[in-house]
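Okay, input.cif is below, mmCIF, C-alpha atoms:
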```cif
data_protein
loop_
_atom_site.group_PDB
_atom_site.id
_atom_site.type_symbol
_atom_site.label_atom_id
_atom_site.label_comp_id
_atom_site.auth_asym_id
_atom_site.auth_seq_id
_atom_site.Cartn_x
_atom_site.Cartn_y
_atom_site.Cartn_z
ATOM 1 C CA MET X 936 33.681 11.355 27.390
ATOM 2 C CA THR X 937 29.935 10.723 27.089
ATOM 3 C CA ILE X 938 27.619 7.946 25.969
ATOM 4 C CA ARG X 939 26.843 10.034 22.895
ATOM 5 C CA ASN X 940 30.554 10.109 22.009
ATOM 6 C CA LEU X 941 30.588 6.322 22.055
ATOM 7 C CA GLU X 942 27.387 6.077 20.015
ATOM 8 C CA ILE X 943 28.889 8.303 17.346
ATOM 9 C CA PHE X 944 32.184 6.400 17.429
ATOM 10 C CA VAL X 945 30.405 3.069 16.875
ATOM 11 C CA ALA X 946 28.351 4.555 14.033
ATOM 12 C CA VAL X 947 31.523 5.780 12.326
ATOM 13 C CA CYS X 948 33.095 2.331 12.751
ATOM 14 C CA GLU X 949 30.035 0.667 11.220
ATOM 15 C CA ASN X 950 30.157 2.901 8.160
ATOM 16 C CA MET X 951 33.851 3.833 8.035
ATOM 17 C CA ASN X 952 32.623 7.141 6.761
ATOM 18 C CA MET X 953 31.805 10.220 8.826
ATOM 19 C CA SER X 954 29.259 11.558 6.351
ATOM 20 C CA ALA X 955 27.369 8.252 6.383
ATOM 21 C CA ALA X 956 27.498 8.131 10.187
ATOM 22 C CA ALA X 957 26.164 11.690 10.371
ATOM 23 C CA ALA X 958 23.285 10.816 8.033
ATOM 24 C CA LYS X 959 22.453 7.696 10.039
ATOM 25 C CA LEU X 960 22.401 9.631 13.322
ATOM 26 C CA PHE X 961 20.722 12.717 11.808
ATOM 27 C CA VAL X 962 23.466 15.051 13.000
ATOM 28 C CA SER X 963 25.895 17.273 11.125
ATOM 29 C CA GLN X 964 29.222 15.927 9.876
ATOM 30 C CA SER X 965 31.002 18.583 11.932
ATOM 31 C CA ALA X 966 29.340 17.213 15.084
ATOM 32 C CA VAL X 967 30.591 13.718 14.241
ATOM 33 C CA SER X 968 34.112 14.994 13.587
ATOM 34 C CA GLN X 969 34.143 16.940 16.851
ATOM 35 C CA SER X 970 32.958 13.913 18.813
ATOM 36 C CA ILE X 971 35.776 11.774 17.408
ATOM 37 C CA ARG X 972 38.296 14.507 18.236
ATOM 38 C CA ASP X 973 36.914 14.627 21.800
ATOM 39 C CA LEU X 974 37.479 10.892 22.196
ATOM 40 C CA GLU X 975 40.994 11.055 20.775
ATOM 41 C CA THR X 976 41.791 13.944 23.140
ATOM 42 C CA HIS X 977 40.294 12.079 26.095
ATOM 43 C CA PHE X 978 42.470 8.994 25.526
ATOM 44 C CA ASN X 979 45.370 10.888 23.964
ATOM 45 C CA LEU X 980 45.317 8.289 21.187
ATOM 46 C CA ARG X 981 44.616 8.308 17.475
ATOM 47 C CA LEU X 982 41.553 6.140 16.794
ATOM 48 C CA PHE X 983 41.447 6.397 12.993
ATOM 49 C CA GLU X 984 43.963 6.660 10.206
ATOM 50 C CA ARG X 985 42.927 8.622 7.140
ATOM 51 C CA ASN X 986 44.256 7.592 3.733
ATOM 52 C CA SER X 987 42.846 8.756 0.382
ATOM 53 C CA ASN X 988 39.618 9.914 2.021
ATOM 54 C CA LYS X 989 39.159 6.512 3.628
ATOM 55 C CA LEU X 990 39.070 5.730 7.344
ATOM 56 C CA TYR X 991 40.882 2.836 8.986
ATOM 57 C CA LEU X 992 40.715 1.872 12.654
ATOM 58 C CA THR X 993 44.021 1.996 14.485
ATOM 59 C CA PRO X 994 44.808 -0.788 17.005
ATOM 60 C CA PRO X 995 43.599 1.469 19.892
ATOM 61 C CA GLY X 996 40.474 2.216 17.830
ATOM 62 C CA LYS X 997 39.745 -1.483 17.410
ATOM 63 C CA GLU X 998 40.169 -2.023 21.150
ATOM 64 C CA LEU X 999 37.898 0.904 21.985
ATOM 65 C CA LEU X 1000 35.242 -0.416 19.607
ATOM 66 C CA LYS X 1001 34.981 -3.645 21.596
ATOM 67 C CA TYR X 1002 34.595 -1.732 24.869
ATOM 68 C CA ALA X 1003 32.158 0.773 23.343
ATOM 69 C CA GLU X 1004 29.826 -1.895 21.974
ATOM 70 C CA GLN X 1005 29.741 -3.649 25.364
ATOM 71 C CA LEU X 1006 29.203 -0.406 27.265
ATOM 72 C CA LEU X 1007 26.368 0.701 25.005
ATOM 73 C CA GLU X 1008 24.669 -2.662 25.385
ATOM 74 C CA TYR X 1009 24.970 -2.476 29.182
ATOM 75 C CA TYR X 1010 23.787 1.127 29.127
ATOM 76 C CA GLU X 1011 20.662 0.147 27.200
ATOM 77 C CA HIS X 1012 19.919 -2.686 29.631
ATOM 78 C CA MET X 1013 20.400 -0.293 32.544
ATOM 79 C CA GLU X 1014 18.029 2.287 31.056
ATOM 80 C CA THR X 1015 15.362 -0.312 30.385
ATOM 81 C CA GLY X 1016 15.751 -2.117 33.695
ATOM 82 C CA MET X 1017 15.647 0.984 35.866
ATOM 83 C CA ARG X 1018 12.621 2.409 34.108
ATOM 84 C CA ILE X 1019 10.704 -0.851 34.281
ATOM 85 C CA GLU X 1020 11.548 -1.632 37.897
ATOM 86 C CA TYR X 1021 11.531 1.775 39.551
ATOM 87 C CA GLY X 1022 10.469 4.578 37.251
ATOM 88 C CA LYS X 1023 7.264 5.449 35.503
ATOM 89 C CA PRO X 1024 7.196 3.267 32.369
ATOM 90 C CA HIS X 1025 8.131 5.158 29.234
ATOM 91 C CA VAL X 1026 7.391 3.949 25.707
ATOM 92 C CA ARG X 1027 8.560 5.665 22.517
ATOM 93 C CA ILE X 1028 6.360 5.122 19.464
ATOM 94 C CA GLY X 1029 7.208 6.131 15.911
ATOM 95 C CA THR X 1030 5.041 6.089 12.806
ATOM 96 C CA ILE X 1031 4.543 7.502 9.339
ATOM 97 C CA MET X 1032 0.821 7.969 10.183
ATOM 98 C CA PRO X 1033 0.380 10.676 12.847
ATOM 99 C CA TYR X 1034 -3.429 10.639 13.024
ATOM 100 C CA MET X 1035 -3.553 6.968 13.815
ATOM 101 C CA MET X 1036 -0.837 7.268 16.449
ATOM 102 C CA VAL X 1037 -2.513 10.198 18.218
ATOM 103 C CA ASP X 1038 -5.878 8.431 18.433
ATOM 104 C CA MET X 1039 -4.233 5.171 19.463
ATOM 105 C CA VAL X 1040 -2.361 6.771 22.359
ATOM 106 C CA ALA X 1041 -5.455 8.716 23.455
ATOM 107 C CA ASP X 1042 -7.547 5.519 23.502
ATOM 108 C CA TYR X 1043 -4.882 3.647 25.446
ATOM 109 C CA LEU X 1044 -4.498 6.336 28.109
ATOM 110 C CA ALA X 1045 -8.281 6.754 28.346
ATOM 111 C CA GLU X 1046 -8.446 3.212 29.712
ATOM 112 C CA GLY X 1047 -6.496 4.340 32.763
ATOM 113 C CA ASN X 1048 -3.041 3.131 31.714
ATOM 114 C CA ASP X 1049 -0.341 5.271 33.352
ATOM 115 C CA THR X 1050 2.451 4.518 30.891
ATOM 116 C CA ASP X 1051 4.322 7.630 29.763
ATOM 117 C CA ILE X 1052 4.214 7.563 25.946
ATOM 118 C CA SER X 1053 6.150 9.850 23.622
ATOM 119 C CA MET X 1054 5.101 10.065 19.963
ATOM 120 C CA HIS X 1055 7.362 10.651 16.969
ATOM 121 C CA VAL X 1056 6.597 11.029 13.245
ATOM 122 C CA TYR X 1057 9.415 10.056 10.878
ATOM 123 C CA ASP X 1058 9.854 8.607 7.420
ATOM 124 C CA HIS X 1059 10.112 4.849 7.061
ATOM 125 C CA ASP X 1060 13.906 4.615 6.842
ATOM 126 C CA ARG X 1061 14.470 6.704 9.946
ATOM 127 C CA ILE X 1062 11.888 4.713 11.908
ATOM 128 C CA ILE X 1063 13.702 1.475 11.162
ATOM 129 C CA SER X 1064 17.067 3.038 12.004
ATOM 130 C CA LEU X 1065 15.767 4.268 15.374
ATOM 131 C CA LEU X 1066 14.141 0.918 16.112
ATOM 132 C CA ARG X 1067 17.367 -0.958 15.425
ATOM 133 C CA SER X 1068 19.340 1.415 17.631
ATOM 134 C CA ALA X 1069 16.680 0.962 20.355
ATOM 135 C CA ASP X 1070 15.847 4.679 20.253
ATOM 136 C CA LEU X 1071 12.248 3.680 19.518
ATOM 137 C CA ASP X 1072 10.345 0.905 21.291
ATOM 138 C CA LEU X 1073 7.442 0.455 18.870
ATOM 139 C CA ALA X 1074 6.594 1.593 15.376
ATOM 140 C CA ILE X 1075 3.758 1.338 12.892
ATOM 141 C CA THR X 1076 4.836 1.387 9.267
ATOM 142 C CA ASP X 1077 3.848 -0.035 5.900
ATOM 143 C CA SER X 1078 6.760 -2.359 5.209
ATOM 144 C CA ARG X 1079 7.559 -5.729 6.720
ATOM 145 C CA ILE X 1080 11.028 -5.812 8.243
ATOM 146 C CA GLU X 1081 12.932 -9.092 8.508
ATOM 147 C CA GLN X 1082 15.641 -8.365 11.062
ATOM 148 C CA SER X 1083 16.812 -10.660 13.854
ATOM 149 C CA ASP X 1084 16.577 -7.868 16.432
ATOM 150 C CA LEU X 1085 12.998 -6.840 15.536
ATOM 151 C CA ASP X 1086 9.611 -8.503 16.091
ATOM 152 C CA THR X 1087 7.061 -7.763 13.342
ATOM 153 C CA TYR X 1088 3.277 -8.171 13.584
ATOM 154 C CA LEU X 1089 0.761 -7.782 10.743
ATOM 155 C CA LEU X 1090 -1.682 -5.130 11.941
ATOM 156 C CA MET X 1091 -4.047 -4.750 8.988
ATOM 157 C CA SER X 1092 -4.376 -4.748 5.213
ATOM 158 C CA ASN X 1093 -6.205 -2.157 3.101
ATOM 159 C CA GLU X 1094 -6.881 -2.003 -0.617
ATOM 160 C CA MET X 1095 -5.587 1.192 -2.143
ATOM 161 C CA SER X 1096 -7.874 3.507 -4.125
ATOM 162 C CA PHE X 1097 -7.096 5.826 -7.002
ATOM 163 C CA MET X 1098 -8.370 9.356 -6.337
ATOM 164 C CA CYS X 1099 -9.148 12.253 -8.657
ATOM 165 C CA CYS X 1100 -10.993 15.580 -8.546
ATOM 166 C CA SER X 1101 -14.780 15.133 -8.645
ATOM 167 C CA ASN X 1102 -14.976 17.480 -11.630
ATOM 168 C CA THR X 1103 -11.735 16.417 -13.227
ATOM 169 C CA ARG X 1104 -10.794 17.381 -16.746
ATOM 170 C CA LEU X 1105 -7.723 15.159 -16.830
ATOM 171 C CA HIS X 1106 -9.482 12.491 -18.913
ATOM 172 C CA PRO X 1107 -13.089 11.980 -20.146
ATOM 173 C CA SER X 1108 -13.260 8.464 -18.656
ATOM 174 C CA LEU X 1109 -12.730 9.914 -15.181
ATOM 175 C CA GLN X 1110 -15.930 11.942 -15.545
ATOM 176 C CA GLU X 1111 -18.051 8.776 -15.632
ATOM 177 C CA ASN X 1112 -19.679 7.284 -12.534
ATOM 178 C CA PRO X 1113 -18.321 4.830 -11.656
ATOM 179 C CA ALA X 1114 -15.087 5.870 -13.308
ATOM 180 C CA VAL X 1115 -12.919 3.172 -14.892
ATOM 181 C CA ILE X 1116 -9.867 3.929 -17.012
ATOM 182 C CA THR X 1117 -7.585 1.758 -19.126
ATOM 183 C CA LEU X 1118 -3.884 1.408 -18.460
ATOM 184 C CA GLN X 1119 -3.071 3.154 -21.726
ATOM 185 C CA ASP X 1120 -5.241 6.147 -20.806
ATOM 186 C CA PHE X 1121 -3.838 6.167 -17.280
ATOM 187 C CA ALA X 1122 -0.372 6.720 -18.757
ATOM 188 C CA SER X 1123 -1.502 10.128 -20.035
ATOM 189 C CA ILE X 1124 -2.587 11.373 -16.600
ATOM 190 C CA PRO X 1125 -0.089 13.004 -14.197
ATOM 191 C CA LEU X 1126 0.395 11.536 -10.725
ATOM 192 C CA VAL X 1127 0.823 13.351 -7.427
ATOM 193 C CA VAL X 1128 2.720 11.441 -4.753
ATOM 194 C CA ALA X 1129 2.609 11.430 -0.937
ATOM 195 C CA GLU X 1130 5.953 10.693 0.713
ATOM 196 C CA PRO X 1131 4.319 8.862 3.696
ATOM 197 C CA SER X 1132 2.990 6.326 1.147
ATOM 198 C CA ARG X 1133 6.175 6.176 -0.922
ATOM 199 C CA ILE X 1134 6.496 2.407 -0.567
ATOM 200 C CA MET X 1135 2.984 1.998 -1.950
ATOM 201 C CA TYR X 1136 3.714 4.314 -4.856
ATOM 202 C CA ASP X 1137 6.899 2.383 -5.592
ATOM 203 C CA LYS X 1138 4.808 -0.784 -5.890
ATOM 204 C CA LEU X 1139 2.519 1.010 -8.333
ATOM 205 C CA PHE X 1140 5.478 2.242 -10.394
ATOM 206 C CA MET X 1141 6.984 -1.257 -10.523
ATOM 207 C CA GLU X 1142 3.659 -2.690 -11.678
ATOM 208 C CA LEU X 1143 3.314 -0.026 -14.371
ATOM 209 C CA GLN X 1144 6.876 -0.637 -15.564
ATOM 210 C CA ARG X 1145 6.225 -4.371 -15.649
ATOM 211 C CA LYS X 1146 3.247 -3.745 -17.918
ATOM 212 C CA GLY X 1147 5.265 -1.369 -20.089
ATOM 213 C CA ILE X 1148 3.244 1.696 -19.062
ATOM 214 C CA HIS X 1149 4.998 5.055 -18.778
ATOM 215 C CA TYR X 1150 3.888 7.517 -16.098
ATOM 216 C CA VAL X 1151 4.435 11.157 -15.208
ATOM 217 C CA ILE X 1152 4.884 12.504 -11.663
ATOM 218 C CA ARG X 1153 3.701 16.094 -11.373
ATOM 219 C CA GLY X 1154 4.444 16.602 -7.686
ATOM 220 C CA THR X 1155 5.623 14.980 -4.443
ATOM 221 C CA PHE X 1156 4.200 16.058 -1.080
ATOM 222 C CA LEU X 1157 5.216 15.443 2.517
ATOM 223 C CA ASP X 1158 1.680 15.085 3.911
ATOM 224 C CA TYR X 1159 -1.806 13.995 2.891
ATOM 225 C CA PRO X 1160 -3.533 17.422 3.238
ATOM 226 C CA SER X 1161 -1.163 18.824 0.584
ATOM 227 C CA LEU X 1162 -1.776 15.777 -1.601
ATOM 228 C CA GLU X 1163 -5.540 16.232 -1.261
ATOM 229 C CA ARG X 1164 -5.238 19.902 -2.209
ATOM 230 C CA ALA X 1165 -3.334 18.968 -5.354
ATOM 231 C CA VAL X 1166 -6.034 16.455 -6.300
ATOM 232 C CA ILE X 1167 -8.858 18.941 -5.599
ATOM 233 C CA ASN X 1168 -7.162 21.439 -7.900
ATOM 234 C CA ASP X 1169 -7.024 18.761 -10.608
ATOM 235 C CA LEU X 1170 -3.231 18.807 -10.801
ATOM 236 C CA GLY X 1171 -3.070 15.014 -10.911
ATOM 237 C CA VAL X 1172 -4.434 11.759 -9.516
ATOM 238 C CA ALA X 1173 -3.269 9.997 -6.363
ATOM 239 C CA ILE X 1174 -3.525 6.690 -4.559
ATOM 240 C CA HIS X 1175 -4.669 6.322 -0.969
ATOM 241 C CA HIS X 1176 -5.574 3.452 1.327
ATOM 242 C CA ASN X 1177 -9.056 4.850 1.937
ATOM 243 C CA PRO X 1178 -11.132 7.308 -0.128
ATOM 244 C CA LYS X 1179 -12.861 8.460 3.086
ATOM 245 C CA ALA X 1180 -9.571 10.078 4.042
ATOM 246 C CA PHE X 1181 -10.286 12.795 1.466
ATOM 247 C CA HIS X 1182 -12.744 14.668 3.669
ATOM 248 C CA SER X 1183 -13.582 17.587 1.362
ATOM 249 C CA GLY X 1184 -16.092 15.754 -0.817
ATOM 250 C CA ASN X 1185 -14.395 17.272 -3.841
ATOM 251 C CA CYS X 1186 -12.587 14.045 -4.687
ATOM 252 C CA LYS X 1187 -13.770 10.673 -5.899
ATOM 253 C CA SER X 1188 -12.270 7.251 -6.414
ATOM 254 C CA PHE X 1189 -11.777 5.462 -9.719
ATOM 255 C CA GLN X 1190 -10.427 2.162 -10.970
ATOM 256 C CA VAL X 1191 -7.588 1.363 -13.323
ATOM 257 C CA GLU X 1192 -8.074 -1.803 -15.348
ATOM 258 C CA GLY X 1193 -5.572 -4.476 -14.415
ATOM 259 C CA ILE X 1194 -4.215 -2.707 -11.304
ATOM 260 C CA ARG X 1195 -5.079 -3.650 -7.706
ATOM 261 C CA LEU X 1196 -2.832 -2.633 -4.844
ATOM 262 C CA HIS X 1197 -2.994 -3.543 -1.156
ATOM 263 C CA ARG X 1198 -1.239 -1.746 1.663
ATOM 264 C CA LYS X 1199 -0.241 -3.753 4.708
ATOM 265 C CA LEU X 1200 0.535 -2.099 8.017
ATOM 266 C CA TYR X 1201 2.914 -3.631 10.520
ATOM 267 C CA LEU X 1202 3.560 -3.138 14.202
ATOM 268 C CA ILE X 1203 7.273 -3.513 14.890
ATOM 269 C CA CYS X 1204 8.997 -3.870 18.255
ATOM 270 C CA HIS X 1205 12.654 -4.115 19.203
ATOM 271 C CA LYS X 1206 13.265 -7.553 20.727
ATOM 272 C CA SER X 1207 14.987 -6.020 23.753
ATOM 273 C CA ARG X 1208 11.675 -4.317 24.579
ATOM 274 C CA SER X 1209 9.245 -7.128 23.915
ATOM 275 C CA GLY X 1210 9.993 -8.689 27.303
ATOM 276 C CA SER X 1211 8.602 -5.655 29.125
ATOM 277 C CA PRO X 1212 5.096 -6.359 30.519
ATOM 278 C CA ARG X 1213 4.084 -2.734 29.871
ATOM 279 C CA ILE X 1214 5.137 -2.829 26.243
ATOM 280 C CA GLN X 1215 3.538 -6.230 25.711
ATOM 281 C CA HIS X 1216 0.323 -4.832 27.189
ATOM 282 C CA LEU X 1217 0.435 -1.953 24.700
ATOM 283 C CA ILE X 1218 1.162 -4.347 21.827
ATOM 284 C CA ASP X 1219 -1.853 -6.451 22.814
ATOM 285 C CA PHE X 1220 -4.021 -3.323 22.989
ATOM 286 C CA ILE X 1221 -2.940 -2.215 19.511
ATOM 287 C CA MET X 1222 -3.437 -5.639 17.965
ATOM 288 C CA ASN X 1223 -6.844 -6.201 19.606
ATOM 289 C CA ASN X 1224 -8.321 -2.727 19.209
ATOM 290 C CA VAL X 1225 -6.538 -0.421 16.831
ATOM 291 C CA GLY X 1226 -6.478 -2.692 13.786
ATOM 292 C CA GLU X 1227 -10.249 -3.181 13.876
ATOM 293 C CA ARG X 1228 -10.960 0.504 14.531
ATOM 294 C CA TYR X 1229 -8.800 1.816 11.704
ATOM 295 C CA ARG X 1230 -9.435 -0.788 9.073
ATOM 296 C CA ASN X 1231 -11.916 1.549 7.388
ATOM 297 C CA LEU X 1232 -10.808 4.934 8.687
ATOM 298 C CA ASP X 1233 -8.241 7.567 7.831
ATOM 299 C CA LEU X 1234 -4.744 6.774 9.098
#
```

Would you kindly transcribe this structure into structure tokens?
Amino acid sequence: MTIRNLEIFVAVCENMNMSAAAAKLFVSQSAVSQSIRDLETHFNLRLFERNSNKLYLTPPGKELLKYAEQLLEYYEHMETGMRIEYGKPHVRIGTIMPYMMVDMVADYLAEGNDTDISMHVYDHDRIISLLRSADLDLAITDSRIEQSDLDTYLLMSNEMSFMCCSNTRLHPSLQENPAVITLQDFASIPLVVAEPSRIMYDKLFMELQRKGIHYVIRGTFLDYPSLERAVINDLGVAIHHNPKAFHSGNCKSFQVEGIRLHRKLYLICHKSRSGSPRIQHLIDFIMNNVGERYRNLDL
């Protein structure tokens, strides 16, 4: 029996569904099933009953759940305490914005801080999941999270810009300088979407729907370089927090009448970590330095 077995067992209990537990833990369903079988073999007890594709905890399963939750909590305290007191401090940071994270860590270490920092790039939902399970210590993301086990700090706010190809043929109004387009004309122009900014795009879509404006999505991309390439090739228009992020010079910003969007960035910390002097020092560094540095730069 391992700690990982117990983590998987608790995840299955929380969801009462092995597929959902596998998705939450980012492992295969077969791995979850095998872990549960390992536990049942270890104790020689059946932990779940299966009826009509539904899972139900048996009495031994309910008892094990209580022990598992306590053990995992103690295990987390042990990991944190030993690292803080005796080992080289280790901080795990996650973000949807890799460039910002890389520069932030480089600046922090350049000041002589000896904290061991590991960096991870995930989508928003996975970041929050890992924060809540204490598998990340800090995260920078674009959505405020109201959870009792997380501390959230407003890092910065940027106005979003609409971007198009400098020589676009998508609409005559976009060829003007400065370019301003009506909502009705905007509805005829295809959009290209960046997954890292999905929350911001969702706000745009809600605003367009509220105003009764239809829109067309021509493509969805996992990173900003691909998004920029689509805009340069005049496949559609995009939104971004800063037009300077489009480094090629082949793109320009434009305005849409009646639409203004702001993107807020948040620094989030698991409450069990906020008591660590090392992590608090890093939080202070980010809040005092990074927000000002990146307010007008590419994230």

Enclosing box along x, y and z for every listed atom of range 1040-1052 of chain X, padded 3 Å each side, centre and size in Å, one decimal, as lines of an AutoDock Vina configuration file:
```
center_x = -2.1
center_y = 5.9
center_z = 27.9
size_x = 18.8
size_y = 11.6
size_z = 17.0
```

**Message:** So, with all atoms listed in the file as the atoms that count, which of X:Asp1084, X:Glu1142, X:Glu1008, X:Glu1046 lies closest to Glu942 in chain X?
**Reply:**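 With all atoms listed in the file as the atom set, the closest residue is X:Glu1008.
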
**Prompt:** If you apply the PyMOL selection byres ((chain X and resi 1064) around 12) to this file, what residues do you get, as number ranges by chain?
**Reply:** X: 946, 956, 958-961, 1029, 1057-1063, 1065-1072, 1074, 1080, 1082, 1084-1085, 1205

**Request:** Grab the CA of Arg1213 in chain X to CA of Thr1076 in chain X distance for me, in Å with one decimal place.
**Result:**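 Pair CA of Arg1213 in chain X / CA of Thr1076 in chain X returns 21.0 Å.
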
**Request:** Might you pull out every residue within 8 Å of range 1188-1204 of chain X, with all atoms listed in the file counted and same-chain residues fewer than 2 positions away left off, and present them as a VMD selection string?
**Result:** chain X and resid 1066 1072 to 1080 1085 to 1099 1109 1113 to 1118 1121 1135 1138 to 1139 1142 1176 1178 1186 1206 1208 to 1209

**Request:** Decode the PyMOL selection byres ((chain X and resi 999-1002) around 9) for the given file into explicit residues and return them as a list in words.
**Result:**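 That selection, the PyMOL selection byres ((chain X and resi 999-1002) around 9), comes back as Leu941, Phe944, Val945, Cys948, Leu982, Pro994, Pro995, Gly996, Lys997, Glu998, Ala1003, Glu1004, Gln1005, Leu1006 and Leu1007 of chain X.
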
**Asked** Neighbours of range 1152-1161 of chain X within 8 Å (all atoms listed in the file; same-chain residues fewer than 3 positions away dropped), as a VMD selection string?
**Response** chain X and resid 1125 to 1131 1164 to 1165 1170 to 1171

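Checking X:Ala1122, X:Ile1148, X:Ile1214, X:Ile1134 one by one against His1175 in chain X, counting only C-alpha atoms, you find the shortest gap at X:Ile1134.
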
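Considering all atoms listed in the file, the residue among X:Val1026, X:Ile943, X:Met936, X:Met1222 positioned nearest to Glu975 in chain X is X:Met936.
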
**Complete:** Computed gap from CA of Val1037 in chain X to CA of Cys1100 in chain X is 28.6 Å

**Request:** Enter the distance from CA of Ser965 in chain X to CA of Asn979 in chain X, in Å, rounded to one decimal.
**Result:** 20.3 Å

**Item:** Residue among X:Ser970, X:Ser954, X:Met1013, X:Asp1042 lying closest to Phe1220 in chain X, counting all atoms listed in the file
**Value:**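 Of all the options, X:Asp1042 lies closest to Phe1220 in chain X.
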
**Message:** Give me, as an MDAnalysis selection string, all polymer residues having an atom no more than 8 Å from Met953 in chain X, counting all atoms listed in the file and skipping those fewer than 2 positions away in the same chain.
**Reply:** chainID X and resid 947 950:951 955:957 964 967:968
